[in-house]
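Asks: There's a structure below that I have some questions on.
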Amino acid sequence: MALFKKKPAQELSIKDIQLPEHIGIIMDGNGRWAKKRGLPRSAGHTAGAQTFRKIARYCSDIGIKYLTVYAFSTENWRRPSDEVDALMRLFKDYLQEAIRDFKDDSIVLRFIGDRSAFSPELLSLMNENEEESRERDGMVLNIAMNYGGRAELVTAIRDMANEVKDGSLDPAAITEELVSQHLYTKGQPDPDLIIRPSGENRTSNFLLWQSAYAEYVIMDVLWPDFTQDDLNQALIEFAKRNRRFGGV
Ligand code: IPE
Ligand code: IPE
Ligand code: MG
């Protein structure tokens, strides 16, 4: 990709660069943000949910085609029940708001992850949001809820095994493409850029298959403090990377 303009890096603006088609964000650092302020962790999640609203809108405004946000992992159930309850309440608030206020929006909402763990109320709000937004033509916003990359692969393997068993799939026809088609993200391009605020250098089970050649940008800012400027910085850093995909 010919991404570099003859300008010093600090003068680059996002108008000068090629934007990623698909961005993933691990929305991390809510708990530390709250702790620094002597607040309960749930206050960090409330603040993080506001940041999510702003950053999702901004990504859509600048023309990002796919945004996947990691909101709750398959491992996050290990947290104290009051924290899990607070997170579920925040999901519910957002999903109700999206139905109520985003009628004329262009964003297509999708949920990736294992839905079987959610309350019937949350489940029907998720389905309703997907139905309402299906025909829109704007950015696809994947919200990863009860998502784990390993669990996603296990589900895909089980589905393919069942197809082999019932005779509809020849094992020799199992290709990388076919595996991709059995994931929650089927039909979508792989993420080009994955941003992890809060400084942690790990994937924490996010998009394991899809991130094979994603560029990671780890940032020190905690998610509730993350701004449009931080996103711009990550986009500019992404544009400076030389992606080789194993070639030269
Ligand atoms: C991310 O923030 C939100 C979820 C995992 C749901 P954390 O709650 O993990 O914040 P830290 O990492 O403890 O600061
Ligand atoms: C990853 O963050 C999950 C989400 C942001 C939803 P965690 O805070 O759960 O990850 P670890 O425990 O630091 O690896
Ligand atoms: Mg964390």
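Every chain in the structure tokens has a letter given in the order shown (A, B, ...), and although residue numbers restart at 1 in each chain, ligands are simply numbered from 1 in the order shown.
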With a cut-off of 7 Å, could you pull out the residues of chain A touching ligand 1 and give me the nearest pair of atoms for each, distance in Å to one decimal, using only C-alpha atoms and all ligand atoms, ordered by chain and ascending number, as a Markdown table?

Replies:
```
| residue | atom | partner | partner_atom_place_in_ligand_line | distance |
| --- | --- | --- | --- | --- |
| A:Met27 | CA | ligand 1 | 1 (C) | 5.3 |
| A:Asp28 | CA | ligand 1 | 1 (C) | 3.7 |
| A:Gly29 | CA | ligand 1 | 14 (O) | 3.3 |
| A:Asn30 | CA | ligand 1 | 10 (O) | 3.9 |
| A:Gly31 | CA | ligand 1 | 14 (O) | 3.6 |
| A:Arg32 | CA | ligand 1 | 14 (O) | 3.7 |
| A:Trp33 | CA | ligand 1 | 14 (O) | 6.3 |
| A:Arg41 | CA | ligand 1 | 8 (O) | 6.9 |
| A:His45 | CA | ligand 1 | 3 (C) | 6.4 |
| A:Ala71 | CA | ligand 1 | 6 (C) | 5.4 |
| A:Phe72 | CA | ligand 1 | 6 (C) | 4.7 |
| A:Ser73 | CA | ligand 1 | 5 (C) | 6.8 |
| A:Asn76 | CA | ligand 1 | 5 (C) | 6.3 |
| A:Leu87 | CA | ligand 1 | 6 (C) | 6.8 |
```

Asks: Could you save the residues just selected, with C-alpha atoms, as a compact mmCIF listing (two decimals), in the first residue's frame?

Replies:
```txt
# COMPACT_ATOMS: atom_id res chain seq x y z
CA MET A 27 -12.34 -1.39 25.01
CA ASP A 28 -10.11 -1.92 28.03
CA GLY A 29 -9.19 0.08 31.12
CA ASN A 30 -12.58 1.01 32.58
CA GLY A 31 -11.78 -0.52 35.97
CA ARG A 32 -8.44 1.28 36.32
CA TRP A 33 -10.03 4.54 35.24
CA ARG A 41 -15.64 -0.22 38.71
CA HIS A 45 -18.02 1.00 32.65
CA ALA A 71 -17.53 -5.31 24.99
CA PHE A 72 -17.67 -8.53 27.06
CA SER A 73 -15.55 -11.65 26.75
CA ASN A 76 -15.61 -11.76 31.86
CA LEU A 87 -22.45 -4.30 32.45
```

Asks: Using only C-alpha atoms and all ligand atoms, which residues of the polymer chains come no farther than 12 Å from ligand 2? I'd like the answer as an MDAnalysis selection string.

Replies: chainID A and resid 24:32 41 45 48:49 52 68:79 84 87 113 143:149 195:207 222:224

Asks: Taking only C-alpha atoms into account, which of A:Phe118, A:Trp209, A:Phe226, A:Phe111 comes nearest A:Ala156?

Replies: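 Going through A:Phe118, A:Trp209, A:Phe226, A:Phe111 one by one, the smallest distance to A:Ala156 is for A:Trp209.
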
Asks: Give me the residues near A:Ser119 as a PyMOL selection string, where near means some atom within 12 Å (using only C-alpha atoms) and where sequence neighbours in that chain fewer than 3 positions away do not count.

Replies: chain A and resi 85+88-89+91-92+115-116+122-126

Asks: How about saving the chosen residues, N, CA, C and O atoms kept, as an mmCIF file, in the first residue's frame?

Replies:
```cif
data_model
loop_
_atom_site.group_PDB
_atom_site.id
_atom_site.type_symbol
_atom_site.label_atom_id
_atom_site.label_comp_id
_atom_site.auth_asym_id
_atom_site.auth_seq_id
_atom_site.Cartn_x
_atom_site.Cartn_y
_atom_site.Cartn_z
ATOM 1 N N ASP A 85 -23.637 -7.562 36.476
ATOM 2 C CA ASP A 85 -24.994 -6.995 36.400
ATOM 3 C C ASP A 85 -24.955 -5.561 35.860
ATOM 4 O O ASP A 85 -25.788 -5.171 35.039
ATOM 5 N N MET A 88 -24.466 -5.657 32.158
ATOM 6 C CA MET A 88 -25.688 -6.073 31.446
ATOM 7 C C MET A 88 -26.697 -4.921 31.398
ATOM 8 O O MET A 88 -27.393 -4.726 30.402
ATOM 9 N N ARG A 89 -26.762 -4.141 32.472
ATOM 10 C CA ARG A 89 -27.674 -2.980 32.484
ATOM 11 C C ARG A 89 -27.251 -1.958 31.431
ATOM 12 O O ARG A 89 -28.083 -1.378 30.740
ATOM 13 N N PHE A 91 -25.591 -2.590 28.645
ATOM 14 C CA PHE A 91 -25.942 -3.125 27.316
ATOM 15 C C PHE A 91 -27.401 -2.839 27.027
ATOM 16 O O PHE A 91 -27.765 -2.391 25.953
ATOM 17 N N LYS A 92 -28.229 -3.134 28.038
ATOM 18 C CA LYS A 92 -29.662 -2.955 27.852
ATOM 19 C C LYS A 92 -29.978 -1.485 27.534
ATOM 20 O O LYS A 92 -30.725 -1.200 26.590
ATOM 21 N N ARG A 115 -24.844 -16.095 22.204
ATOM 22 C CA ARG A 115 -26.005 -15.393 22.758
ATOM 23 C C ARG A 115 -26.757 -16.180 23.809
ATOM 24 O O ARG A 115 -27.636 -15.646 24.486
ATOM 25 N N SER A 116 -26.443 -17.485 23.918
ATOM 26 C CA SER A 116 -27.291 -18.340 24.758
ATOM 27 C C SER A 116 -27.244 -17.918 26.224
ATOM 28 O O SER A 116 -28.117 -18.280 26.999
ATOM 29 N N LEU A 122 -32.618 -9.159 26.907
ATOM 30 C CA LEU A 122 -31.443 -8.676 26.167
ATOM 31 C C LEU A 122 -31.406 -9.296 24.771
ATOM 32 O O LEU A 122 -31.136 -8.630 23.773
ATOM 33 N N LEU A 123 -31.719 -10.589 24.748
ATOM 34 C CA LEU A 123 -31.705 -11.325 23.490
ATOM 35 C C LEU A 123 -32.692 -10.708 22.494
ATOM 36 O O LEU A 123 -32.380 -10.517 21.318
ATOM 37 N N SER A 124 -33.880 -10.369 22.971
ATOM 38 C CA SER A 124 -34.853 -9.839 22.012
ATOM 39 C C SER A 124 -34.455 -8.427 21.581
ATOM 40 O O SER A 124 -34.684 -8.037 20.429
ATOM 41 N N LEU A 125 -33.814 -7.659 22.461
ATOM 42 C CA LEU A 125 -33.310 -6.333 22.049
ATOM 43 C C LEU A 125 -32.197 -6.466 21.008
ATOM 44 O O LEU A 125 -32.113 -5.663 20.068
ATOM 45 N N MET A 126 -31.360 -7.486 21.171
ATOM 46 C CA MET A 126 -30.292 -7.700 20.187
ATOM 47 C C MET A 126 -30.911 -8.041 18.832
ATOM 48 O O MET A 126 -30.557 -7.461 17.798
#
```

Asks: With DSSP run on the backbone, what are the strand (DSSP E or B) residues within stretch 177-230 of chain A? I'd like them as a list of chain:residue names.

Replies: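 Here are the strand (DSSP E or B) residues of stretch 177-230 of chain A: A:Leu193, A:Ile194, A:Ile195, A:Arg196, A:Glu215, A:Tyr216, A:Val217, A:Ile218.
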
Asks: Step one, run DSSP on the backbone; step two, keep only residues of stretch 26-203 of chain A assigned to alpha helix (DSSP H); then write them as a PyMOL selection string.

Replies: chain A and resi 30-36+41-61+81-101+120-133+149-165+176-181

Asks: Using only C-alpha atoms, which residues sit within 12 Å of A:Gly63 once same-chain residues fewer than 5 positions away are excluded, as a ChimeraX atom specification?

Replies: /A:14-15,18-23,56-58,106-107,137-140

Asks: Using all heavy atoms, can you export the residues from the last selection as a short mmCIF file (atom, residue, chain, number, x, y, z; two decimals), in the first residue's frame?

Replies:
```cif
data_model
loop_
_atom_site.label_atom_id
_atom_site.label_comp_id
_atom_site.auth_asym_id
_atom_site.auth_seq_id
_atom_site.Cartn_x
_atom_site.Cartn_y
_atom_site.Cartn_z
N ILE A 14 -5.75 12.61 8.99
CA ILE A 14 -6.40 11.39 8.49
C ILE A 14 -6.95 11.58 7.07
O ILE A 14 -7.29 10.61 6.40
CB ILE A 14 -7.50 10.85 9.44
CG1 ILE A 14 -8.62 11.85 9.60
CG2 ILE A 14 -6.92 10.42 10.77
CD1 ILE A 14 -9.90 11.16 10.04
N LYS A 15 -6.98 12.83 6.62
CA LYS A 15 -7.40 13.07 5.23
C LYS A 15 -6.32 12.66 4.23
O LYS A 15 -6.59 12.47 3.06
CB LYS A 15 -7.74 14.55 5.03
CG LYS A 15 -9.00 14.96 5.76
CD LYS A 15 -9.37 16.41 5.43
CE LYS A 15 -10.48 16.89 6.33
NZ LYS A 15 -10.05 17.02 7.75
N GLN A 18 -4.58 6.40 3.84
CA GLN A 18 -5.56 5.36 3.52
C GLN A 18 -6.09 4.77 4.83
O GLN A 18 -5.30 4.32 5.67
CB GLN A 18 -4.89 4.27 2.70
CG GLN A 18 -5.87 3.24 2.21
CD GLN A 18 -5.22 2.27 1.24
OE1 GLN A 18 -4.29 2.63 0.51
NE2 GLN A 18 -5.68 1.04 1.25
N LEU A 19 -7.39 4.81 5.00
CA LEU A 19 -7.97 4.33 6.25
C LEU A 19 -8.16 2.82 6.20
O LEU A 19 -8.39 2.26 5.13
CB LEU A 19 -9.32 5.01 6.50
CG LEU A 19 -9.29 6.53 6.68
CD1 LEU A 19 -10.70 7.07 6.84
CD2 LEU A 19 -8.44 6.90 7.89
N PRO A 20 -8.09 2.16 7.35
CA PRO A 20 -8.39 0.73 7.36
C PRO A 20 -9.87 0.52 7.03
O PRO A 20 -10.72 1.36 7.33
CB PRO A 20 -8.10 0.31 8.80
CG PRO A 20 -8.13 1.58 9.60
CD PRO A 20 -7.77 2.69 8.68
N GLU A 21 -10.16 -0.61 6.41
CA GLU A 21 -11.56 -0.91 6.12
C GLU A 21 -12.27 -1.40 7.39
O GLU A 21 -13.41 -1.09 7.65
CB GLU A 21 -11.61 -2.00 5.03
CG GLU A 21 -13.00 -2.27 4.53
CD GLU A 21 -13.03 -3.33 3.43
OE1 GLU A 21 -12.06 -4.10 3.28
OE2 GLU A 21 -14.05 -3.39 2.72
N HIS A 22 -11.55 -2.17 8.18
CA HIS A 22 -12.14 -2.77 9.38
C HIS A 22 -11.24 -2.50 10.58
O HIS A 22 -10.06 -2.86 10.57
CB HIS A 22 -12.29 -4.29 9.14
CG HIS A 22 -13.00 -5.02 10.24
ND1 HIS A 22 -13.41 -6.33 10.11
CD2 HIS A 22 -13.38 -4.65 11.49
CE1 HIS A 22 -14.01 -6.72 11.22
NE2 HIS A 22 -14.00 -5.71 12.08
N ILE A 23 -11.80 -1.87 11.59
CA ILE A 23 -11.07 -1.60 12.84
C ILE A 23 -11.67 -2.45 13.96
O ILE A 23 -12.90 -2.55 14.07
CB ILE A 23 -11.19 -0.11 13.25
CG1 ILE A 23 -10.65 0.82 12.17
CG2 ILE A 23 -10.50 0.15 14.59
CD1 ILE A 23 -10.82 2.30 12.50
N ALA A 56 -17.77 5.20 18.15
CA ALA A 56 -18.50 4.49 17.09
C ALA A 56 -19.05 5.52 16.09
O ALA A 56 -18.95 5.35 14.87
CB ALA A 56 -19.62 3.65 17.68
N ARG A 57 -19.60 6.59 16.61
CA ARG A 57 -20.16 7.64 15.74
C ARG A 57 -19.06 8.25 14.88
O ARG A 57 -19.23 8.46 13.68
CB ARG A 57 -20.84 8.71 16.64
CG ARG A 57 -21.42 9.89 15.95
CD ARG A 57 -22.59 9.53 15.07
NE ARG A 57 -23.58 8.73 15.77
CZ ARG A 57 -24.45 7.92 15.16
NH1 ARG A 57 -24.47 7.82 13.85
NH2 ARG A 57 -25.31 7.21 15.86
N TYR A 58 -17.93 8.50 15.51
CA TYR A 58 -16.81 9.11 14.79
C TYR A 58 -16.32 8.18 13.67
O TYR A 58 -16.08 8.64 12.55
CB TYR A 58 -15.68 9.44 15.77
CG TYR A 58 -14.49 10.09 15.13
CD1 TYR A 58 -14.61 11.33 14.48
CD2 TYR A 58 -13.23 9.50 15.16
CE1 TYR A 58 -13.52 11.93 13.88
CE2 TYR A 58 -12.13 10.09 14.56
CZ TYR A 58 -12.28 11.32 13.92
OH TYR A 58 -11.20 11.91 13.31
N SER A 106 -27.51 5.29 9.78
CA SER A 106 -27.06 4.44 8.68
C SER A 106 -26.30 3.21 9.19
O SER A 106 -25.94 2.34 8.40
CB SER A 106 -26.18 5.25 7.73
OG SER A 106 -25.00 5.62 8.40
N ILE A 107 -26.03 3.17 10.49
CA ILE A 107 -25.19 2.09 11.03
C ILE A 107 -25.96 0.76 11.10
O ILE A 107 -27.10 0.70 11.54
CB ILE A 107 -24.65 2.46 12.43
CG1 ILE A 107 -23.71 3.67 12.34
CG2 ILE A 107 -23.97 1.28 13.11
CD1 ILE A 107 -23.15 4.17 13.66
N ASP A 137 -27.20 1.18 4.93
CA ASP A 137 -26.05 1.08 4.04
C ASP A 137 -24.77 1.65 4.62
O ASP A 137 -23.80 1.87 3.91
CB ASP A 137 -26.38 1.75 2.70
CG ASP A 137 -26.72 3.21 2.90
OD1 ASP A 137 -26.72 3.67 4.07
OD2 ASP A 137 -26.98 3.91 1.91
N GLY A 138 -24.76 1.94 5.92
CA GLY A 138 -23.58 2.56 6.52
C GLY A 138 -22.62 1.55 7.14
O GLY A 138 -22.60 0.38 6.76
N MET A 139 -21.85 2.04 8.08
CA MET A 139 -20.84 1.21 8.75
C MET A 139 -21.49 0.02 9.46
O MET A 139 -22.55 0.15 10.07
CB MET A 139 -20.11 2.07 9.79
CG MET A 139 -19.01 1.35 10.54
SD MET A 139 -18.20 2.44 11.76
CE MET A 139 -19.36 2.31 13.15
N VAL A 140 -20.83 -1.12 9.35
CA VAL A 140 -21.27 -2.29 10.13
C VAL A 140 -20.57 -2.22 11.49
O VAL A 140 -19.34 -2.15 11.56
CB VAL A 140 -20.90 -3.61 9.41
CG1 VAL A 140 -21.20 -4.80 10.31
CG2 VAL A 140 -21.66 -3.72 8.10
#
```

Asks: Env of A:Glu132: 9 Å cut, atoms = only C-alpha atoms, seq-sep filter 2 positions within chain, self excluded. Answer as a list in words.

Replies: Ile99, Lys103, Val108, Leu109, Asn127, Glu128, Asn129, Glu130, Arg134, Glu135 and Arg136 of chain A
